[in-house]
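Peer 1: Sending over a structure as structure tokens; questions will come in a sec.
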Number of protein chains: 2
Amino acid sequence: MALSEFKLIQRFFANSGTHRADVRVGVGDDCAVLHLPAGKELVVSMDTLVEGVHFFKNADPESLGHKSLAVNLSDLAAMGAEPAWATLALTLPSVDEGWLEAFCRGFSSLAATHNVQLIGGDTTQGPLNITIQAHGFVDPGAALRRDGAQLGDLIYVTGTLGDAGLALQATERTRLPLSIQSRLDRPTPRLTEGQALVGLASAAIDISDGLISDLGHICDASGVGATLYVKDLPCSQAVRDYIKVSDDWALPLSTGDDY
Amino acid sequence: MALSEFKLIQRFFANSGTHRADVRVGVGDDCAVLHLPAGKELVVSMDTLVEGVHFFKNADPESLGHKSLAVNLSDLAAMGAEPAWATLALTLPSVDEGWLEAFCRGFSSLAATHNVQLIGGDTTQGPLNITIQAHGFVDPGAALRRDGAQLGDLIYVTGTLGDAGLALQATERTRLPLSIQSRLDRPTPRLTEGQALVGLASAAIDISDGLISDLGHICDASGVGATLYVKDLPCSQAVRDYIKVSDDWALPLSTGDDY
């Protein structure tokens with residue numbers, strides 16, 4: 001794969017997402033140069049998706065473009081941050097323009113929704129690997145953290161639990177409602193909820209590994225325990241149906257990818 | 001590879017580099033939270049190294065830890081920025097503690113030299129892939145860019161050209177002086193020079209692809225041409241010896257990896 005092909009890709013992504021006035025230098029120089037609003041703290045998160053580990057070979061590239069950004073924006077949401085910029089390190093086995101166009105469409109659509117501009121990154125040849133870093137702002141000291149939980153706090157989640165796990169099981173069996181499948185393929189970063197919780201929530205985390213595991217991270221960091229009433233967990237009808245038949249609570253408790 | 005092993009890795013890297021007072025939340029939460037000095041602009045660069053493309057299989061992990069950070073700091077240097085923080089996305093085929101310890105040693109040593117703190121990242125399983133983002137500061141509008149070159153400007157480089165290219169050729173032939181080999185394996189990010197050039201240089205770039213290619217980027221972005229007197233290029237004795245024998249000027253002109 002010639003270098004010139006990679007230059008083409010860079011141009012491909014040069015106009016992704018929003019154009020923000022706080023980007024002094026964007027894609028195309030050695031670095032991006034950015035203006036942080038006065039009096040704000042910078043919040044950054046970096047997540048990698050690897051083919052065969054985090055997604056199936058031949059996964060839909062548009063969903064992949066969405067999801068690889070969404071999992072990073074979800075981390076910003078968990079800190080109560082307002083998103084701003086993203087960088088993308090894309091390692092590709094070969095240049096497939098159709099794949100790239102679809103990936104870019106999924107990425108850019110979500111980026112535009114949340115006023116996020118792609119400001120730089122790297123494109124290299126190798127086994128498919130997608131690393132994104134998301135950047136956002138919070139007021140000083142306002143970031144929601146894992147270590148603030150107090151005795152007596154109530155536990156809340158956004159959305160319904162276990163849909164992504166159900167979709168993951170179903171890919172090799174049967175077709176599910178689109179609403180369930182899209183909970184796996186196109187997770188929703190809870191940015192509005194995260195920002196609204198600043199000053200209200202004592203601690204927060206995004207559920208990537210599963211409720212028990214991620215709630216455990218809050219408990220560990222905060223030095224507290226937690227009681228879960230599993231029958232009160234918010235679940236979709238499809239997950240409730242699954243539990244009714246199987247009596248298996250793993251979906252809402254531990255399959256993860258809920259965000 | 002169990003998740004718990006990856007948690008171990010995270011702990012491994014938790015104390016890499018320097019501890020900086022401007023890191024409000026470092027490794028261990030959903031995001032890092034950072035304090036940017038008042039009146040500064042944020043400068044970021046992201047580069048990926050892929051096994052079999054950017055380095056040989058079984059490359060020395062300590063050198064790899066150094067180089068993967070160095071190529072990013074080199075981008076900051078090219079903008080005249082002062083470095084501050086780094087994130088690391090490390091995709092590994094398996095957990096090899098000896099490899100990790102050596103990689104971390106190379107990374108941390110360079111990070112400490114330049115007062116850089118590792119603030120977060122991700123560790124995943126898959127074919128070896130190293131993505132780092134470096135973060136630094138510049139005064140508003142002071143970043144050195146590719147597009148500022150003027151007619152009549154002189155062209156300067158730091159260090160000597162072609163050593164990394166010579167070392168790359170030599171790996172399959174003969175042993176070179178350590179000083180030449182280390183120009184490939186442990187490049188020097190020219191941070192002091194970059195910061196000293198703010199307000200003096202009209203344009204700057206780091207030489208990763210080779211002098212002709214990267215000077216071409218400056219010319220393209222600035223809308224100017226350039227004349228190179230190849231016999232005046234600063235080269236080490238080893239490269240001058242090679243050219244004398246071969247009459248091949250590719251090393252200082254186009255082999256790259258000089259930084």
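The chains in the structure tokens are called A, B, ... from first to last as shown; in each chain the residues are counted from 1, and the ligands are counted from 1 in the order shown.
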To test your reading of the structure, identify every residue in stretch 64-219 of chain B that backbone DSSP assigns to strand (DSSP E), and report it as a ChimeraX atom specification.

Peer 2: /B:82-92,117-125,129-138

Peer 1: Enumerate as a VMD selection string the residues belonging to chain A that approach chain B to within 7 Å, with only C-alpha atoms taken into account.

Peer 2: chain A and resid 29 to 36 41 to 48 50 75 to 76 78 to 79 89 121 to 122 126 to 127 145 to 146 205

Peer 1: How many Å lie between atom CA of B:Asp185 and atom CA of B:Glu101, rounded to one decimal?

Peer 2: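 Separating atom CA of B:Asp185 from atom CA of B:Glu101 is a distance of 17.5 Å.
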
Peer 1: Once DSSP has gone over the backbone, tell me which residues of stretch 24-75 of chain B are in helix (DSSP H, G or I), as JSON, numbers by chain.

Peer 2: {"B": [61, 62, 63, 64, 65, 66, 67, 68, 69, 70, 71, 72, 73, 74, 75]}

Peer 1: Take the residues from that selection and put them in a file with all heavy atoms, as a short mmCIF file (atom, residue, chain, number, x, y, z; two decimals), in the first residue's frame.

Peer 2:
```
data_model
loop_
_atom_site.label_atom_id
_atom_site.label_comp_id
_atom_site.auth_asym_id
_atom_site.auth_seq_id
_atom_site.Cartn_x
_atom_site.Cartn_y
_atom_site.Cartn_z
N PRO B 61 12.23 -4.25 23.25
CA PRO B 61 11.08 -3.53 23.82
C PRO B 61 11.45 -2.22 24.51
O PRO B 61 10.66 -1.27 24.49
CB PRO B 61 10.47 -4.53 24.80
CG PRO B 61 11.52 -5.55 25.05
CD PRO B 61 12.39 -5.60 23.83
N GLU B 62 12.65 -2.14 25.09
CA GLU B 62 13.03 -0.88 25.75
C GLU B 62 13.20 0.23 24.71
O GLU B 62 12.72 1.35 24.90
CB GLU B 62 14.32 -1.07 26.56
CG GLU B 62 14.67 0.18 27.35
CD GLU B 62 15.80 -0.04 28.37
OE1 GLU B 62 16.04 -1.20 28.77
OE2 GLU B 62 16.43 0.96 28.76
N SER B 63 13.85 -0.10 23.59
CA SER B 63 13.98 0.88 22.52
C SER B 63 12.59 1.27 21.97
O SER B 63 12.33 2.43 21.66
CB SER B 63 14.82 0.31 21.38
OG SER B 63 16.15 0.11 21.81
N LEU B 64 11.71 0.28 21.88
CA LEU B 64 10.37 0.52 21.36
C LEU B 64 9.59 1.48 22.27
O LEU B 64 8.87 2.36 21.80
CB LEU B 64 9.64 -0.83 21.28
CG LEU B 64 8.69 -1.09 20.15
CD1 LEU B 64 9.27 -0.69 18.81
CD2 LEU B 64 8.32 -2.58 20.14
N GLY B 65 9.75 1.29 23.58
CA GLY B 65 9.10 2.19 24.53
C GLY B 65 9.60 3.61 24.37
O GLY B 65 8.83 4.58 24.42
N HIS B 66 10.92 3.73 24.15
CA HIS B 66 11.51 5.05 23.90
C HIS B 66 10.99 5.63 22.59
O HIS B 66 10.50 6.76 22.55
CB HIS B 66 13.04 4.93 23.85
CG HIS B 66 13.74 6.20 23.46
ND1 HIS B 66 14.40 7.00 24.35
CD2 HIS B 66 13.85 6.81 22.26
CE1 HIS B 66 14.89 8.05 23.74
NE2 HIS B 66 14.58 7.95 22.44
N LYS B 67 11.09 4.84 21.52
CA LYS B 67 10.82 5.38 20.19
C LYS B 67 9.35 5.77 20.02
O LYS B 67 9.04 6.79 19.40
CB LYS B 67 11.22 4.37 19.11
CG LYS B 67 11.06 4.93 17.70
CD LYS B 67 11.79 4.10 16.66
CE LYS B 67 11.68 4.74 15.28
NZ LYS B 67 12.53 4.07 14.28
N SER B 68 8.44 4.95 20.56
CA SER B 68 7.02 5.24 20.36
C SER B 68 6.64 6.57 21.02
O SER B 68 5.77 7.29 20.51
CB SER B 68 6.15 4.09 20.87
OG SER B 68 6.43 3.79 22.22
N LEU B 69 7.28 6.90 22.13
CA LEU B 69 7.05 8.22 22.73
C LEU B 69 7.83 9.30 21.98
O LEU B 69 7.33 10.40 21.72
CB LEU B 69 7.43 8.22 24.21
CG LEU B 69 7.28 9.56 24.94
CD1 LEU B 69 5.84 10.06 24.89
CD2 LEU B 69 7.74 9.44 26.40
N ALA B 70 9.07 8.97 21.58
CA ALA B 70 9.95 9.96 20.95
C ALA B 70 9.36 10.52 19.65
O ALA B 70 9.45 11.72 19.39
CB ALA B 70 11.33 9.35 20.67
N VAL B 71 8.74 9.65 18.84
CA VAL B 71 8.21 10.14 17.56
C VAL B 71 7.06 11.12 17.78
O VAL B 71 6.82 12.02 16.97
CB VAL B 71 7.77 8.98 16.63
CG1 VAL B 71 8.96 8.07 16.32
CG2 VAL B 71 6.62 8.16 17.21
N ASN B 72 6.34 10.95 18.89
CA ASN B 72 5.28 11.90 19.22
C ASN B 72 5.83 13.19 19.79
O ASN B 72 5.38 14.29 19.44
CB ASN B 72 4.29 11.24 20.19
CG ASN B 72 3.29 10.36 19.49
OD1 ASN B 72 2.35 10.83 18.89
ND2 ASN B 72 3.53 9.05 19.54
N LEU B 73 6.82 13.08 20.68
CA LEU B 73 7.45 14.29 21.22
C LEU B 73 8.13 15.07 20.11
O LEU B 73 8.19 16.31 20.15
CB LEU B 73 8.45 13.92 22.32
CG LEU B 73 7.85 13.26 23.57
CD1 LEU B 73 8.94 12.98 24.60
CD2 LEU B 73 6.76 14.14 24.19
N SER B 74 8.62 14.34 19.10
CA SER B 74 9.25 15.01 17.95
C SER B 74 8.24 15.90 17.22
O SER B 74 8.58 16.98 16.73
CB SER B 74 9.83 13.96 17.01
OG SER B 74 10.40 14.56 15.87
N ASP B 75 6.99 15.43 17.14
CA ASP B 75 5.95 16.27 16.52
C ASP B 75 5.68 17.53 17.35
O ASP B 75 5.49 18.62 16.81
CB ASP B 75 4.65 15.47 16.37
CG ASP B 75 4.69 14.50 15.19
OD1 ASP B 75 5.25 14.87 14.14
OD2 ASP B 75 4.17 13.39 15.32
#
```

Peer 1: Between atom CA of A:Ala21 and atom CA of B:Val116, what is the spacing in Å?

Peer 2: 28.1 Å

Peer 1: So how far away is atom CA of B:Pro83 from atom CA of B:Leu191, in Å?

Peer 2: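 So the two atoms, atom CA of B:Leu191 and atom CA of B:Pro83, lie 8.1 Å apart.
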
Peer 1: What's around B:Gln237 at 12 Å? Count only C-alpha atoms, leave out sequence neighbours fewer than 2 positions away in its own chain, and write the answer as a list in words.

Peer 2: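 Skipping anything fewer than 2 positions along the chain leaves Thr160, Leu161, Gly162, Asp163, Leu166, Leu176, Pro177, Ser179, Ile180, Pro234, Cys235, Val239, Arg240, Asp241, Tyr242, Ile243 and Lys244 of chain B.
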
Peer 1: Would you save the residues of that selection, restricted to N, CA and C atoms, as an mmCIF file, in the first residue's frame?

Peer 2:
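Okay, this is what ended up in part_39.cif:
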```cif
data_model
loop_
_atom_site.group_PDB
_atom_site.id
_atom_site.type_symbol
_atom_site.label_atom_id
_atom_site.label_comp_id
_atom_site.auth_asym_id
_atom_site.auth_seq_id
_atom_site.Cartn_x
_atom_site.Cartn_y
_atom_site.Cartn_z
ATOM 1 N N THR B 160 22.334 15.053 12.355
ATOM 2 C CA THR B 160 22.851 14.587 11.075
ATOM 3 C C THR B 160 21.794 13.748 10.366
ATOM 4 N N LEU B 161 21.848 13.780 9.040
ATOM 5 C CA LEU B 161 20.810 13.131 8.225
ATOM 6 C C LEU B 161 21.272 11.760 7.732
ATOM 7 N N GLY B 162 20.375 10.797 7.740
ATOM 8 C CA GLY B 162 20.653 9.513 7.093
ATOM 9 C C GLY B 162 21.151 8.415 8.017
ATOM 10 N N ASP B 163 21.416 8.750 9.289
ATOM 11 C CA ASP B 163 21.930 7.713 10.199
ATOM 12 C C ASP B 163 20.906 6.597 10.407
ATOM 13 N N LEU B 166 20.823 4.393 7.465
ATOM 14 C CA LEU B 166 22.005 3.524 7.425
ATOM 15 C C LEU B 166 21.833 2.353 8.399
ATOM 16 N N LEU B 176 26.924 -1.643 13.260
ATOM 17 C CA LEU B 176 27.356 -0.255 13.138
ATOM 18 C C LEU B 176 27.757 0.274 14.508
ATOM 19 N N PRO B 177 28.428 1.444 14.549
ATOM 20 C CA PRO B 177 28.660 2.081 15.847
ATOM 21 C C PRO B 177 27.324 2.284 16.564
ATOM 22 N N SER B 179 26.281 4.677 18.176
ATOM 23 C CA SER B 179 25.738 6.025 17.973
ATOM 24 C C SER B 179 24.863 6.079 16.731
ATOM 25 N N ILE B 180 25.183 5.285 15.717
ATOM 26 C CA ILE B 180 24.373 5.253 14.493
ATOM 27 C C ILE B 180 23.123 4.408 14.719
ATOM 28 N N PRO B 234 24.440 18.127 6.524
ATOM 29 C CA PRO B 234 25.202 17.612 7.674
ATOM 30 C C PRO B 234 25.000 16.108 7.816
ATOM 31 N N CYS B 235 26.100 15.355 7.648
ATOM 32 C CA CYS B 235 26.031 13.893 7.748
ATOM 33 C C CYS B 235 27.128 13.391 8.681
ATOM 34 N N VAL B 239 27.820 7.938 7.418
ATOM 35 C CA VAL B 239 26.992 8.192 6.226
ATOM 36 C C VAL B 239 27.863 8.772 5.111
ATOM 37 N N ARG B 240 28.807 9.670 5.464
ATOM 38 C CA ARG B 240 29.702 10.210 4.425
ATOM 39 C C ARG B 240 30.532 9.093 3.792
ATOM 40 N N ASP B 241 30.991 8.158 4.612
ATOM 41 C CA ASP B 241 31.747 7.003 4.091
ATOM 42 C C ASP B 241 30.883 6.190 3.133
ATOM 43 N N TYR B 242 29.640 5.985 3.519
ATOM 44 C CA TYR B 242 28.727 5.190 2.689
ATOM 45 C C TYR B 242 28.507 5.869 1.336
ATOM 46 N N ILE B 243 28.306 7.196 1.364
ATOM 47 C CA ILE B 243 28.052 7.928 0.121
ATOM 48 C C ILE B 243 29.300 7.922 -0.762
ATOM 49 N N LYS B 244 30.459 8.031 -0.123
ATOM 50 C CA LYS B 244 31.725 8.048 -0.869
ATOM 51 C C LYS B 244 31.879 6.760 -1.679
#
```

Peer 1: For A:Leu100, which residue among A:Phe12, A:His19, A:Ala164, A:Gln169 is the nearest when counting only C-alpha atoms?

Peer 2: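 Of A:Phe12, A:His19, A:Ala164, A:Gln169, the one nearest A:Leu100 is A:Phe12, counting only C-alpha atoms.
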
Peer 1: Can you list, as a list in words, every protein, DNA or RNA residue that comes within 9 Å of A:Ser108 when you count only C-alpha atoms, leaving out same-chain residues fewer than 3 positions away?

Peer 2: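 Contacts, in chain order: Phe13, Asn15, Ser16, Gly17, Thr18, Gly65, His66, Phe103, Cys104, Arg105, Ala111, Ala112, Thr113, Val116, Gln117 and Leu118 of chain A.
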
Peer 1: Hey, which of B:Asp248, B:Asp220, B:Asp96, B:Asp257 ends up closest to B:Arg186? Count only C-alpha atoms.

Peer 2: B:Asp257
